[in-house]
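File shown here: data.cif, holding mmCIF, C-alpha atoms.
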data_structure
#
loop_
_atom_site.group_PDB
_atom_site.id
_atom_site.type_symbol
_atom_site.label_atom_id
_atom_site.label_comp_id
_atom_site.auth_asym_id
_atom_site.auth_seq_id
_atom_site.Cartn_x
_atom_site.Cartn_y
_atom_site.Cartn_z
ATOM 1 C CA GLY A 835 -6.751 -3.140 -15.802
ATOM 2 C CA GLY A 836 -9.853 -3.741 -17.883
ATOM 3 C CA ASP A 837 -8.523 -1.132 -20.313
ATOM 4 C CA TYR A 838 -6.016 -3.744 -21.466
ATOM 5 C CA VAL A 839 -8.914 -5.890 -22.669
ATOM 6 C CA LEU A 840 -10.355 -2.914 -24.539
ATOM 7 C CA LEU A 841 -6.961 -2.287 -26.139
ATOM 8 C CA GLN A 842 -6.792 -5.930 -27.222
ATOM 9 C CA TRP A 843 -10.303 -5.575 -28.677
ATOM 10 C CA CYS A 844 -9.028 -2.604 -30.695
ATOM 11 C CA VAL A 845 -6.077 -4.635 -31.994
ATOM 12 C CA ASP A 846 -8.356 -7.547 -32.908
ATOM 13 C CA HIS A 847 -10.732 -5.205 -34.750
ATOM 14 C CA GLY A 848 -8.073 -3.129 -36.498
ATOM 15 C CA ARG A 849 -8.920 0.028 -34.573
ATOM 16 C CA VAL A 850 -5.984 2.411 -34.416
ATOM 17 C CA LEU A 851 -5.902 4.686 -31.382
ATOM 18 C CA GLN A 852 -3.752 7.772 -31.569
ATOM 19 C CA SER A 853 -5.083 9.763 -28.640
ATOM 20 C CA GLN A 854 -7.092 9.627 -25.448
ATOM 21 C CA GLU A 855 -10.010 10.997 -27.468
ATOM 22 C CA ASP A 856 -9.845 7.978 -29.791
ATOM 23 C CA PHE A 857 -9.833 5.665 -26.774
ATOM 24 C CA ASP A 858 -12.780 7.489 -25.200
ATOM 25 C CA ALA A 859 -14.720 7.282 -28.475
ATOM 26 C CA VAL A 860 -14.325 3.487 -28.528
ATOM 27 C CA LEU A 861 -15.468 3.364 -24.893
ATOM 28 C CA ARG A 862 -18.643 5.231 -25.801
ATOM 29 C CA GLU A 863 -19.189 3.141 -28.930
ATOM 30 C CA LEU A 864 -18.933 -0.197 -27.136
ATOM 31 C CA GLY A 865 -21.128 0.910 -24.259
ATOM 32 C CA GLU A 866 -21.081 0.474 -20.518
ATOM 33 C CA LYS A 867 -22.322 -3.124 -20.539
ATOM 34 C CA LEU A 868 -19.505 -4.488 -22.708
ATOM 35 C CA ILE A 869 -16.856 -2.380 -20.955
ATOM 36 C CA SER A 870 -18.064 -3.723 -17.591
ATOM 37 C CA GLU A 871 -17.772 -7.231 -19.013
ATOM 38 C CA PHE A 872 -14.170 -6.494 -20.066
ATOM 39 C CA HIS A 873 -13.367 -5.310 -16.540
ATOM 40 C CA SER A 874 -15.072 -8.308 -14.941
ATOM 41 C CA ARG A 875 -13.203 -10.772 -17.135
ATOM 42 C CA PHE A 876 -9.889 -9.053 -16.498
ATOM 43 C CA TYR A 877 -10.387 -9.235 -12.735
ATOM 44 C CA GLU A 878 -11.519 -12.873 -12.941
ATOM 45 C CA VAL A 879 -8.240 -13.767 -14.626
ATOM 46 C CA ARG A 880 -6.248 -11.675 -12.159
ATOM 47 C CA ALA A 881 -7.941 -13.451 -9.230
ATOM 48 C CA TYR A 882 -7.353 -16.831 -10.874
ATOM 49 C CA LEU A 883 -3.667 -16.090 -11.347
ATOM 50 C CA LEU A 884 -3.347 -14.909 -7.769
ATOM 51 C CA GLU A 885 -4.908 -18.127 -6.509
ATOM 52 C CA HIS A 886 -3.346 -20.655 -8.909
ATOM 53 C CA GLU A 887 -0.181 -18.985 -10.226
ATOM 54 C CA ARG A 888 0.603 -16.717 -7.287
ATOM 55 C CA GLU A 889 4.386 -16.414 -7.723
ATOM 56 C CA PHE A 890 4.033 -15.780 -11.449
ATOM 57 C CA TRP A 891 1.391 -13.090 -10.903
ATOM 58 C CA LEU A 892 3.427 -11.420 -8.176
ATOM 59 C CA SER A 893 6.465 -11.409 -10.476
ATOM 60 C CA LEU A 894 4.480 -9.341 -12.982
ATOM 61 C CA ASN A 895 4.014 -6.572 -10.415
ATOM 62 C CA ILE A 896 7.258 -4.770 -9.744
ATOM 63 C CA LEU A 897 8.009 -1.844 -7.488
ATOM 64 C CA TYR A 898 10.268 0.742 -9.078
ATOM 65 C CA ASP A 899 13.726 1.146 -7.568
ATOM 66 C CA GLY A 900 13.564 3.319 -4.479
ATOM 67 C CA VAL A 901 9.765 3.404 -4.325
ATOM 68 C CA GLY A 902 9.459 0.241 -2.233
ATOM 69 C CA GLU A 903 11.910 1.655 0.292
ATOM 70 C CA VAL A 904 9.828 4.830 0.641
ATOM 71 C CA MET A 905 6.615 2.824 0.948
ATOM 72 C CA LYS A 906 8.165 0.610 3.630
ATOM 73 C CA SER A 907 9.111 3.721 5.610
ATOM 74 C CA LEU A 908 5.510 4.991 5.384
ATOM 75 C CA GLU A 909 3.575 1.795 6.090
ATOM 76 C CA ASN A 910 2.642 3.007 9.591
ATOM 77 C CA ASP A 911 2.066 6.681 8.738
ATOM 78 C CA SER A 912 -1.700 7.160 8.929
ATOM 79 C CA ARG A 913 -1.505 10.325 6.802
ATOM 80 C CA VAL A 914 -0.333 8.494 3.683
ATOM 81 C CA TYR A 915 -2.726 6.589 1.430
ATOM 82 C CA ILE A 916 -2.402 4.589 -1.741
ATOM 83 C CA LEU A 917 -5.034 5.518 -4.322
ATOM 84 C CA SER A 918 -5.141 3.313 -7.395
ATOM 85 C CA THR A 919 -7.347 1.991 -10.146
ATOM 86 C CA LYS A 920 -6.088 -1.457 -9.121
ATOM 87 C CA ARG A 921 -8.169 -3.255 -6.489
ATOM 88 C CA SER A 922 -7.003 -2.702 -2.928
ATOM 89 C CA SER A 923 -6.663 -6.388 -2.107
ATOM 90 C CA PHE A 924 -4.350 -6.897 -5.085
ATOM 91 C CA ILE A 925 -2.161 -3.983 -4.025
ATOM 92 C CA ALA A 926 -1.957 -5.357 -0.495
ATOM 93 C CA GLU A 927 -0.859 -8.738 -1.901
ATOM 94 C CA ILE A 928 1.831 -7.138 -4.051
ATOM 95 C CA LEU A 929 3.161 -5.038 -1.187
ATOM 96 C CA ALA A 930 3.135 -7.966 1.245
ATOM 97 C CA SER A 931 5.195 -9.985 -1.226
ATOM 98 C CA LYS A 932 7.775 -7.176 -1.093
ATOM 99 C CA GLY A 933 7.815 -7.125 2.723
ATOM 100 C CA ILE A 934 5.597 -4.062 3.067
ATOM 101 C CA ASP A 935 2.754 -4.418 5.554
ATOM 102 C CA TRP A 936 0.532 -1.570 4.357
ATOM 103 C CA PRO A 937 -2.887 -1.480 6.058
ATOM 104 C CA LEU A 938 -5.749 -2.281 3.702
ATOM 105 C CA SER A 939 -7.696 0.606 5.278
ATOM 106 C CA ARG A 940 -5.202 3.015 3.660
ATOM 107 C CA ILE A 941 -5.400 1.538 0.168
ATOM 108 C CA ILE A 942 -8.233 3.004 -1.863
ATOM 109 C CA ASP A 943 -9.505 1.522 -5.121
ATOM 110 C CA SER A 944 -10.834 4.431 -7.163
ATOM 111 C CA GLY A 945 -12.968 2.240 -9.414
ATOM 112 C CA ARG A 946 -14.749 4.605 -11.774
ATOM 113 C CA GLU A 947 -14.709 7.539 -9.332
ATOM 114 C CA LYS A 948 -12.390 10.472 -10.006
ATOM 115 C CA LYS A 949 -9.246 10.307 -7.908
ATOM 116 C CA VAL A 950 -9.444 14.027 -7.141
ATOM 117 C CA ASP A 951 -12.959 13.563 -5.714
ATOM 118 C CA ILE A 952 -11.725 10.724 -3.515
ATOM 119 C CA ILE A 953 -8.838 12.842 -2.226
ATOM 120 C CA LEU A 954 -11.198 15.703 -1.422
ATOM 121 C CA SER A 955 -13.481 13.274 0.411
ATOM 122 C CA VAL A 956 -10.586 11.924 2.491
ATOM 123 C CA LEU A 957 -9.514 15.483 3.297
ATOM 124 C CA GLU A 958 -13.018 16.223 4.554
ATOM 125 C CA GLN A 959 -13.260 12.988 6.552
ATOM 126 C CA ARG A 960 -9.884 13.580 8.180
ATOM 127 C CA ASN A 961 -10.467 17.337 8.635
ATOM 128 C CA VAL A 962 -7.266 18.105 6.731
ATOM 129 C CA SER A 963 -6.868 21.086 4.432
ATOM 130 C CA THR A 964 -4.245 19.973 1.888
ATOM 131 C CA ALA A 965 -2.816 16.896 0.196
ATOM 132 C CA ALA A 966 0.034 15.896 -2.082
ATOM 133 C CA PHE A 967 -1.107 13.731 -4.990
ATOM 134 C CA ILE A 968 1.505 11.741 -6.911
ATOM 135 C CA ASP A 969 0.493 9.914 -10.089
ATOM 136 C CA ASP A 970 1.945 8.948 -13.455
ATOM 137 C CA GLN A 971 -1.188 9.901 -15.397
ATOM 138 C CA VAL A 972 -1.906 13.616 -15.905
ATOM 139 C CA ASP A 973 -5.567 12.895 -16.674
ATOM 140 C CA TYR A 974 -6.145 12.107 -12.994
ATOM 141 C CA PHE A 975 -5.126 15.647 -12.000
ATOM 142 C CA ALA A 976 -8.073 17.254 -13.821
ATOM 143 C CA GLY A 977 -10.228 19.319 -11.508
ATOM 144 C CA ALA A 978 -7.766 19.345 -8.604
ATOM 145 C CA PRO A 979 -8.178 22.587 -6.662
ATOM 146 C CA GLU A 980 -4.659 24.025 -6.503
ATOM 147 C CA ASP A 981 -5.183 25.440 -3.022
ATOM 148 C CA ARG A 982 -5.981 21.972 -1.628
ATOM 149 C CA ILE A 983 -4.186 19.381 -3.766
ATOM 150 C CA THR A 984 -0.596 19.700 -4.954
ATOM 151 C CA CYS A 985 -0.181 17.421 -7.966
ATOM 152 C CA TYR A 986 3.152 15.753 -8.687
ATOM 153 C CA LEU A 987 3.752 13.891 -11.925
ATOM 154 C CA ALA A 988 5.822 10.783 -11.210
ATOM 155 C CA SER A 989 8.802 10.513 -13.547
ATOM 156 C CA TRP A 990 8.507 6.694 -13.476
ATOM 157 C CA GLY A 991 5.674 4.307 -14.331
ATOM 158 C CA TYR A 992 3.351 4.713 -17.285
ATOM 159 C CA VAL A 993 4.147 8.394 -17.743
ATOM 160 C CA LYS A 994 4.520 9.592 -21.324
ATOM 161 C CA PRO A 995 7.909 11.230 -21.977
ATOM 162 C CA ASP A 996 6.287 14.363 -23.468
ATOM 163 C CA TRP A 997 4.352 14.909 -20.211
ATOM 164 C CA LEU A 998 7.655 15.259 -18.387
ATOM 165 C CA LEU A 999 8.562 18.193 -20.611
ATOM 166 C CA GLY A 1000 5.347 20.110 -20.966
ATOM 167 C CA SER A 1001 2.537 18.918 -18.759
ATOM 168 C CA GLY A 1002 2.597 21.990 -16.546
ATOM 169 C CA TYR A 1003 2.765 19.795 -13.437
ATOM 170 C CA MET A 1004 5.651 19.456 -11.037
ATOM 171 C CA VAL A 1005 7.624 16.369 -12.002
ATOM 172 C CA ILE A 1006 8.848 14.292 -9.071
ATOM 173 C CA SER A 1007 11.774 11.894 -9.307
ATOM 174 C CA ARG A 1008 12.141 8.804 -7.152
ATOM 175 C CA GLU A 1009 14.985 10.555 -5.348
ATOM 176 C CA TYR A 1010 12.825 13.589 -4.536
ATOM 177 C CA LEU A 1011 10.000 11.271 -3.472
ATOM 178 C CA LYS A 1012 12.244 10.150 -0.610
ATOM 179 C CA GLU A 1013 12.925 13.770 0.333
ATOM 180 C CA LEU A 1014 9.255 14.746 0.142
ATOM 181 C CA PHE A 1015 8.163 12.035 2.551
ATOM 182 C CA ALA A 1016 11.243 12.370 4.751
ATOM 183 C CA GLY A 1017 9.991 15.901 5.451
ATOM 184 C CA LEU A 1018 6.724 14.656 6.981
ATOM 185 C CA THR A 1019 6.521 15.496 10.638
#
As structure tokens, please, write out the structure in this file.
Amino acid sequence: GGDYVLLQWCVDHGRVLQSQEDFDAVLRELGEKLISEFHSRFYEVRAYLLEHEREFWLSLNILYDGVGEVMKSLENDSRVYILSTKRSSFIAEILASKGIDWPLSRIIDSGREKKVDIILSVLEQRNVSTAAFIDDQVDYFAGAPEDRITCYLASWGYVKPDWLLGSGYMVISREYLKELFAGLT
């Protein structure tokens, strides 16, 4: 979420970003201290909105058609986790507002840690050999060992259209998402 503040900084300062490399260069230029401040401010506002403008804030956080239904069906399946850059407590609030009672213990906030590393850690903790990883950002798949983590690129969300055509990852539709999880035994 704090990336939105960085993007606004770029707009305010006339910085044109045309690639992830451009974005990363601005990150390095501004430094960890200022970027941390951006993230802190963003989360302060998010917390304020949740406390004082709860219904408005919840209305900003949609679930894509069909995804909520799948999540509702999995809320008690201890094998399925939510891994996000969004804070766990915020995700729990969003899901609860949609009638999904997902345990906070199965919502992981990746923070600045690589999602792949977190998945591998959970696999080790749970003594499980493989995982399916669904995300709408191909950057998060980097470093995933193919024999342990099967990466699926979500066809919804923040996914770039050109990733759907040539990312090299299996693209999963919302319809197939239902089938994938229906096959869990």
task = Measuring atom to atom with all atoms listed in the file, identify which of A:Arg880, A:Lys932, A:Lys994, A:Arg982 is nearest to Val950 of chain A.
result = A:Arg982
Target residues per the PyMOL selection byres ((chain A and resi 970-978) around 9), formatted as a short mmCIF file (atom, residue, chain, number, x, y, z; two decimals) with C-alpha atoms, in the frame of the given file:
data_model
loop_
_atom_site.label_atom_id
_atom_site.label_comp_id
_atom_site.auth_asym_id
_atom_site.auth_seq_id
_atom_site.Cartn_x
_atom_site.Cartn_y
_atom_site.Cartn_z
CA LYS A 948 -12.39 10.47 -10.01
CA LYS A 949 -9.25 10.31 -7.91
CA VAL A 950 -9.44 14.03 -7.14
CA ASP A 951 -12.96 13.56 -5.71
CA LEU A 954 -11.20 15.70 -1.42
CA PHE A 967 -1.11 13.73 -4.99
CA ILE A 968 1.50 11.74 -6.91
CA ASP A 969 0.49 9.91 -10.09
CA PRO A 979 -8.18 22.59 -6.66
CA GLU A 980 -4.66 24.02 -6.50
CA ASP A 981 -5.18 25.44 -3.02
CA ARG A 982 -5.98 21.97 -1.63
CA ILE A 983 -4.19 19.38 -3.77
CA THR A 984 -0.60 19.70 -4.95
CA CYS A 985 -0.18 17.42 -7.97
CA TYR A 986 3.15 15.75 -8.69
CA LEU A 987 3.75 13.89 -11.92
CA ALA A 988 5.82 10.78 -11.21
CA SER A 989 8.80 10.51 -13.55
CA TRP A 990 8.51 6.69 -13.48
CA GLY A 991 5.67 4.31 -14.33
CA TYR A 992 3.35 4.71 -17.28
CA VAL A 993 4.15 8.39 -17.74
CA LYS A 994 4.52 9.59 -21.32
CA TRP A 997 4.35 14.91 -20.21
CA SER A 1001 2.54 18.92 -18.76
CA TYR A 1003 2.76 19.80 -13.44
#
key: Spatial neighbours of Val839 of chain A, max dist 8 Å, all atoms listed in the file, sep filter under 2 positions, as a ChimeraX atom specification   = /A:835-837,841-843,872-873,876
request  = Find, counting only C-alpha atoms, the residue in A:Leu840, A:Leu957, A:Met1004, A:Val879 that gets nearest to Leu861 of chain A.
outcome  =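 Ranked by minimum distance to Leu861 of chain A, first place goes to A:Leu840.
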query = For Leu908 of chain A, which residue among A:Ala926, A:Asp935, A:His886, A:Leu998 is the nearest when counting only C-alpha atoms?
reply =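 Closest to Leu908 of chain A of all the choices is A:Asp935.
Taking atom CA of Trp936 of chain A as the reference point, atom CA of Ala966 of chain A is found at 18.6 Å.
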request  = Could you tell me how far atom CA of Asp943 of chain A lies from atom CA of Ser1007 of chain A, in Å and to one decimal?
outcome  =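 Atom CA of Asp943 of chain A sits 24.0 Å away from atom CA of Ser1007 of chain A.
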request  = List the neighbours of Lys1012 of chain A out to 8 Å using all atoms listed in the file; skip same-chain residues closer than 4 positions along the sequence, and give me the result as an MDAnalysis selection string.
outcome  = chainID A and resid 900 904 1008 1016
Would you mind exporting the chosen residues as a JSON list (two decimals), in the frame of the given file, restricted to C-alpha atoms?
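Written file, selection_7.json:
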[["chain", "number", "residue", "atom", "x", "y", "z"],
["A", 900, "GLY", "CA", 13.56, 3.32, -4.48],
["A", 904, "VAL", "CA", 9.83, 4.83, 0.64],
["A", 1008, "ARG", "CA", 12.14, 8.80, -7.15],
["A", 1016, "ALA", "CA", 11.24, 12.37, 4.75]]
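The spacing separating atom CA of Ser874 of chain A from atom CA of Ser922 of chain A amounts to 15.5 Å.
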task = Name the closest residue to Phe924 of chain A among the candidates A:Tyr838, A:Tyr898, A:Phe890, A:Tyr877; distances are taken between atoms, counting only C-alpha atoms.
result =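 The closest residue to Phe924 of chain A is A:Tyr877.
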Just need the box for segment 1004-1011 of chain A, edges along x, y and z, holding every atom the file lists for it with 4 Å tacked onto each side, so centre and edge lengths in Å to one decimal, as JSON.
{"center_x": 10.3, "center_y": 14.1, "center_z": -7.7, "size_x": 17.3, "size_y": 18.7, "size_z": 16.5}
task = Rank nothing, just name the residue among A:Glu863, A:Glu855, A:Glu958, A:Asp911 nearest to Arg940 of chain A, using only C-alpha atoms.
result = A:Asp911
message = Need to verify the contact set: Ile941 of chain A, 12 Å, all atoms listed in the file, exclusion of same-chain residues closer than 3 positions in sequence. Can you return it as a PyMOL selection string?
response = chain A and resi 909+912-927+929+935-938+944+952+956
Any chance you could turn segment 898-1019 of chain A into a file with C-alpha atoms, as a tab-separated table (two decimals), in the first residue's frame?
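That gives us part-v4.tsv:
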chain	number	residue	atom	x	y	z
A	898	TYR	CA	-13.77	-10.28	-7.40
A	899	ASP	CA	-16.80	-12.21	-8.61
A	900	GLY	CA	-16.49	-15.86	-7.69
A	901	VAL	CA	-13.43	-15.39	-5.48
A	902	GLY	CA	-15.42	-14.66	-2.32
A	903	GLU	CA	-17.44	-17.83	-2.85
A	904	VAL	CA	-14.25	-19.90	-3.10
A	905	MET	CA	-12.77	-18.21	-0.04
A	906	LYS	CA	-15.95	-18.87	1.95
A	907	SER	CA	-15.72	-22.56	1.05
A	908	LEU	CA	-12.11	-22.66	2.28
A	909	GLU	CA	-12.39	-20.65	5.50
A	910	ASN	CA	-12.07	-23.81	7.62
A	911	ASP	CA	-9.47	-25.62	5.49
A	912	SER	CA	-6.25	-25.46	7.49
A	913	ARG	CA	-4.16	-26.14	4.37
A	914	VAL	CA	-5.10	-22.87	2.68
A	915	TYR	CA	-3.46	-19.57	3.60
A	916	ILE	CA	-3.79	-16.00	2.44
A	917	LEU	CA	-0.42	-14.36	1.81
A	918	SER	CA	-0.53	-10.65	1.06
A	919	THR	CA	1.40	-7.43	1.26
A	920	LYS	CA	-1.68	-6.01	3.00
A	921	ARG	CA	-1.71	-6.30	6.79
A	922	SER	CA	-3.44	-9.40	8.11
A	923	SER	CA	-5.84	-7.52	10.36
A	924	PHE	CA	-7.07	-5.45	7.42
A	925	ILE	CA	-7.67	-8.56	5.33
A	926	ALA	CA	-9.59	-10.16	8.18
A	927	GLU	CA	-11.78	-7.03	8.43
A	928	ILE	CA	-12.49	-7.05	4.70
A	929	LEU	CA	-13.35	-10.74	4.67
A	930	ALA	CA	-15.55	-10.47	7.77
A	931	SER	CA	-17.50	-7.68	6.08
A	932	LYS	CA	-18.19	-10.12	3.23
A	933	GLY	CA	-19.34	-12.87	5.61
A	934	ILE	CA	-16.09	-14.84	5.49
A	935	ASP	CA	-14.73	-15.89	8.87
A	936	TRP	CA	-11.13	-16.61	7.88
A	937	PRO	CA	-8.83	-17.31	10.85
A	938	LEU	CA	-6.23	-14.61	11.40
A	939	SER	CA	-3.66	-17.38	12.00
A	940	ARG	CA	-3.96	-18.29	8.29
A	941	ILE	CA	-3.50	-14.77	6.95
A	942	ILE	CA	0.14	-13.85	6.50
A	943	ASP	CA	1.39	-10.31	5.92
A	944	SER	CA	4.56	-10.63	3.86
A	945	GLY	CA	5.84	-7.18	4.78
A	946	ARG	CA	9.19	-6.82	3.05
A	947	GLU	CA	9.92	-10.56	3.05
A	948	LYS	CA	9.74	-12.48	-0.23
A	949	LYS	CA	6.49	-14.38	-0.59
A	950	VAL	CA	8.32	-17.44	-1.93
A	951	ASP	CA	10.49	-17.55	1.21
A	952	ILE	CA	7.39	-17.37	3.40
A	953	ILE	CA	5.75	-20.22	1.47
A	954	LEU	CA	8.87	-22.35	1.83
A	955	SER	CA	8.92	-21.61	5.56
A	956	VAL	CA	5.27	-22.65	5.95
A	957	LEU	CA	5.98	-25.84	3.99
A	958	GLU	CA	8.81	-26.65	6.39
A	959	GLN	CA	6.75	-25.82	9.49
A	960	ARG	CA	3.84	-27.94	8.30
A	961	ASN	CA	6.09	-30.74	6.96
A	962	VAL	CA	4.47	-30.44	3.53
A	963	SER	CA	6.36	-30.92	0.28
A	964	THR	CA	4.44	-28.79	-2.24
A	965	ALA	CA	2.23	-25.72	-2.52
A	966	ALA	CA	0.11	-23.90	-5.06
A	967	PHE	CA	0.80	-20.16	-5.14
A	968	ILE	CA	-1.75	-17.87	-6.80
A	969	ASP	CA	-0.91	-14.19	-7.29
A	970	ASP	CA	-1.56	-11.39	-9.76
A	971	GLN	CA	2.04	-10.13	-9.71
A	972	VAL	CA	4.66	-12.19	-11.57
A	973	ASP	CA	7.48	-10.54	-9.61
A	974	TYR	CA	6.44	-12.52	-6.53
A	975	PHE	CA	7.12	-15.82	-8.32
A	976	ALA	CA	10.86	-15.13	-8.65
A	977	GLY	CA	12.96	-17.82	-7.03
A	978	ALA	CA	10.11	-20.31	-6.59
A	979	PRO	CA	11.51	-23.84	-6.82
A	980	GLU	CA	9.36	-25.53	-9.47
A	981	ASP	CA	9.46	-28.88	-7.69
A	982	ARG	CA	7.92	-27.36	-4.54
A	983	ILE	CA	5.79	-24.37	-5.56
A	984	THR	CA	3.42	-24.35	-8.52
A	985	CYS	CA	2.82	-20.72	-9.48
A	986	TYR	CA	-0.50	-19.63	-10.96
A	987	LEU	CA	-0.96	-16.15	-12.39
A	988	ALA	CA	-4.42	-14.88	-11.48
A	989	SER	CA	-6.26	-13.54	-14.52
A	990	TRP	CA	-7.99	-10.93	-12.31
A	991	GLY	CA	-6.67	-8.22	-10.00
A	992	TYR	CA	-3.70	-6.01	-10.78
A	993	VAL	CA	-2.33	-8.33	-13.44
A	994	LYS	CA	-0.94	-6.67	-16.56
A	995	PRO	CA	-2.65	-7.89	-19.76
A	996	ASP	CA	0.71	-8.70	-21.42
A	997	TRP	CA	1.57	-11.06	-18.54
A	998	LEU	CA	-1.47	-13.15	-19.43
A	999	LEU	CA	-0.04	-13.73	-22.90
A	1000	GLY	CA	3.64	-14.25	-22.30
A	1001	SER	CA	4.64	-14.53	-18.68
A	1002	GLY	CA	5.49	-18.21	-18.91
A	1003	TYR	CA	3.30	-18.95	-15.88
A	1004	MET	CA	0.08	-20.91	-15.81
A	1005	VAL	CA	-2.79	-18.44	-15.93
A	1006	ILE	CA	-5.72	-19.31	-13.67
A	1007	SER	CA	-9.23	-17.99	-14.23
A	1008	ARG	CA	-11.75	-17.47	-11.45
A	1009	GLU	CA	-13.69	-20.43	-12.83
A	1010	TYR	CA	-10.65	-22.71	-12.68
A	1011	LEU	CA	-9.87	-21.41	-9.18
A	1012	LYS	CA	-13.11	-23.06	-8.05
A	1013	GLU	CA	-12.10	-26.32	-9.73
A	1014	LEU	CA	-8.58	-26.23	-8.28
A	1015	PHE	CA	-9.81	-25.91	-4.71
A	1016	ALA	CA	-12.78	-28.22	-5.23
A	1017	GLY	CA	-10.18	-30.92	-5.92
A	1018	LEU	CA	-8.64	-30.61	-2.44
A	1019	THR	CA	-9.15	-33.74	-0.44
